[in-house]
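Peer 1: Dropping in protein19.cif, with mmCIF, C-alpha atoms.
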data_start
loop_
_atom_site.label_atom_id
_atom_site.label_comp_id
_atom_site.auth_asym_id
_atom_site.auth_seq_id
_atom_site.Cartn_x
_atom_site.Cartn_y
_atom_site.Cartn_z
CA MET K 1 -17.37 -18.77 -7.49
CA GLU K 2 -18.41 -15.75 -9.55
CA ASP K 3 -18.07 -12.20 -8.29
CA TYR K 4 -21.32 -10.40 -7.53
CA LEU K 5 -21.91 -6.80 -6.54
CA PHE K 6 -24.70 -6.77 -3.97
CA CYS K 7 -26.05 -3.38 -2.96
CA ASN K 8 -28.37 -3.02 0.01
CA TYR K 9 -28.36 0.44 1.53
CA PHE K 10 -29.78 -0.72 4.86
CA VAL K 11 -27.28 -3.47 5.62
CA THR K 12 -24.43 -2.46 7.90
CA THR K 13 -22.94 -5.87 8.57
CA PHE K 14 -20.45 -7.73 6.41
CA VAL K 15 -20.02 -11.35 5.42
CA ILE K 16 -16.72 -12.97 4.42
CA TYR K 17 -16.74 -15.92 2.02
CA PHE K 18 -13.23 -17.26 1.49
CA ASN K 19 -11.20 -14.11 0.70
CA THR K 20 -14.20 -12.18 -0.59
CA MET K 21 -16.14 -9.65 1.42
CA GLU K 22 -19.57 -8.29 0.63
CA LEU K 23 -20.18 -4.70 1.73
CA ALA K 24 -23.16 -2.44 1.27
CA LEU K 25 -22.82 0.79 -0.67
CA ILE K 26 -23.93 3.74 1.41
CA ALA K 27 -25.03 7.18 0.30
CA ILE K 28 -22.50 9.96 0.94
CA GLY K 29 -24.02 13.12 -0.51
CA ASN K 30 -24.41 12.54 -4.26
CA SER K 31 -21.83 9.73 -4.17
CA LYS K 32 -21.69 6.21 -2.80
CA GLY K 33 -19.14 4.75 -0.41
CA ILE K 34 -18.32 1.73 1.70
CA ARG K 35 -17.54 1.32 5.39
CA LEU K 36 -14.53 -0.82 6.15
CA PRO K 37 -14.65 -2.82 9.37
CA LYS K 38 -12.21 -1.74 12.07
CA ALA K 39 -10.51 -5.16 11.97
CA LEU K 40 -9.57 -4.68 8.30
CA ILE K 41 -8.33 -1.15 8.89
CA LYS K 42 -6.07 -2.43 11.65
CA LYS K 43 -4.93 -5.58 9.80
CA TYR K 44 -3.89 -3.72 6.64
CA HIS K 45 -2.53 -0.63 8.44
CA LEU K 46 -4.89 1.79 6.72
CA GLU K 47 -4.57 5.40 7.78
CA LYS K 48 -6.20 8.63 6.58
CA THR K 49 -5.84 7.92 2.86
CA ILE K 50 -5.64 4.74 0.82
CA GLU K 51 -4.69 3.98 -2.75
CA LEU K 52 -7.50 2.97 -5.12
CA VAL K 53 -6.28 0.99 -8.14
CA LEU K 54 -8.64 0.58 -11.08
CA GLU K 55 -8.08 -2.75 -12.83
CA LYS K 56 -9.80 -4.11 -15.93
CA ASP K 57 -12.60 -5.88 -14.07
CA HIS K 58 -12.12 -4.96 -10.41
CA ILE K 59 -10.95 -2.30 -7.96
CA LYS K 60 -8.13 -2.74 -5.43
CA LEU K 61 -7.81 -0.79 -2.21
CA ARG K 62 -4.42 -0.78 -0.52
CA PRO K 63 -2.52 1.25 2.03
CA ILE K 64 -0.25 3.99 0.78
CA ARG K 65 3.31 2.98 1.51
CA LYS K 66 5.72 5.59 2.76
CA VAL K 67 8.64 6.32 0.47
CA ARG K 68 11.67 4.22 1.44
CA GLU K 69 9.64 2.34 4.06
CA GLY K 70 11.68 -0.55 5.42
CA TRP K 71 14.96 0.59 3.88
CA ASP K 72 16.63 0.95 7.28
CA ASN K 73 15.94 -2.72 8.09
CA GLN K 74 17.22 -3.80 4.69
CA PHE K 75 20.43 -1.78 5.16
CA LYS K 76 20.99 -3.41 8.55
CA ARG K 77 20.50 -6.87 7.02
CA MET K 78 22.94 -6.00 4.22
CA GLN K 79 25.54 -4.86 6.76
CA GLU K 80 25.11 -8.04 8.81
CA ALA K 81 25.56 -10.13 5.66
CA LYS K 82 28.59 -8.00 4.72
CA ASP K 83 26.86 -7.07 1.49
CA ASP K 84 27.13 -3.30 1.91
CA ARG K 85 30.18 -2.68 -0.24
CA LEU K 86 30.31 0.20 -2.73
CA LEU K 87 29.27 -0.67 -6.25
CA LEU K 88 30.96 2.43 -7.65
CA PRO K 89 34.17 4.03 -6.42
CA ASP K 90 33.92 7.10 -4.19
CA PHE K 91 35.37 9.21 -6.99
CA PHE K 92 36.49 8.70 -10.55
CA GLU K 93 40.03 8.94 -11.93
CA ASP K 94 39.30 12.11 -13.93
CA GLU K 95 37.34 13.83 -11.15
CA ASN K 96 38.75 17.16 -10.00
CA LEU K 97 37.76 17.85 -6.40
CA ASP K 98 39.44 21.29 -6.39
CA GLU K 99 36.65 22.81 -8.46
CA TRP K 100 34.21 22.13 -5.60
CA LYS K 101 36.11 24.35 -3.16
#
Output the file's structure in the form of structure tokens.

Peer 2:
Amino acid sequence: MEDYLFCNYFVTTFVIYFNTMELALIAIGNSKGIRLPKALIKKYHLEKTIELVLEKDHIKLRPIRKVREGWDNQFKRMQEAKDDRLLLPDFFEDENLDEWK
């Protein structure tokens, strides 16, 4: 199935074919925009801003992930699996801790 861009400024509904969705472009001042259905906003955890990724032949929209999101769960899983050992020693042989006083 080929990708088509269908623009109808009076259509406010959306149709999903497989994993493809057809949305109408709407006028927003001198620009154009799209309205995302509430179900998609909820499903993909979209908030006030989203990331727009420009690819060679398409555009991706995705939620902005918070820095270190999910790290706490990963650390808990590491601890449960006893895989939370130090990879480097706390201090090195030639380290002089007196100069930090």

Peer 1: Can you pull out the residues contacting range 32-44 of chain K? Cut-off 8 Å, using all atoms listed in the file, and skip same-chain residues under 6 positions away; I want them as a ChimeraX atom specification.

Peer 2: /K:23-26,62-63

Peer 1: Run the PyMOL selection byres ((chain K and resi 66-72) around 12) mentally over the shown coordinates, then write out the matched residues as a PDB file with C-alpha atoms, keeping the file's coordinate frame, using the chain letters and numbers from the document.

Peer 2:
ATOM      1  CA  HIS K  45      -2.530  -0.630   8.440  1.00  0.00           C
ATOM      2  CA  LEU K  46      -4.890   1.790   6.720  1.00  0.00           C
ATOM      3  CA  GLU K  47      -4.570   5.400   7.780  1.00  0.00           C
ATOM      4  CA  THR K  49      -5.840   7.920   2.860  1.00  0.00           C
ATOM      5  CA  ILE K  50      -5.640   4.740   0.820  1.00  0.00           C
ATOM      6  CA  GLU K  51      -4.690   3.980  -2.750  1.00  0.00           C
ATOM      7  CA  PRO K  63      -2.520   1.250   2.030  1.00  0.00           C
ATOM      8  CA  ILE K  64      -0.250   3.990   0.780  1.00  0.00           C
ATOM      9  CA  ARG K  65       3.310   2.980   1.510  1.00  0.00           C
ATOM     10  CA  ASN K  73      15.940  -2.720   8.090  1.00  0.00           C
ATOM     11  CA  GLN K  74      17.220  -3.800   4.690  1.00  0.00           C
ATOM     12  CA  PHE K  75      20.430  -1.780   5.160  1.00  0.00           C
ATOM     13  CA  LYS K  76      20.990  -3.410   8.550  1.00  0.00           C
ATOM     14  CA  ARG K  77      20.500  -6.870   7.020  1.00  0.00           C
ATOM     15  CA  MET K  78      22.940  -6.000   4.220  1.00  0.00           C
ATOM     16  CA  GLN K  79      25.540  -4.860   6.760  1.00  0.00           C
TER      17      GLN K  79
END

Peer 1: In Å, rounded to a single decimal, give me how far CA of Lys82 in chain K is from CA of Glu95 in chain K.

Peer 2: 28.4 Å

Peer 1: To one decimal in Å, tell me the separation between CA of Lys48 in chain K and CA of Asn19 in chain K.

Peer 2: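 Here the two named atoms are 24.0 Å from each other.
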
Peer 1: One number please: CA of Thr20 in chain K to CA of Glu55 in chain K, in Å, one decimal.

Peer 2: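 Between CA of Thr20 in chain K and CA of Glu55 in chain K the gap works out to 16.6 Å.
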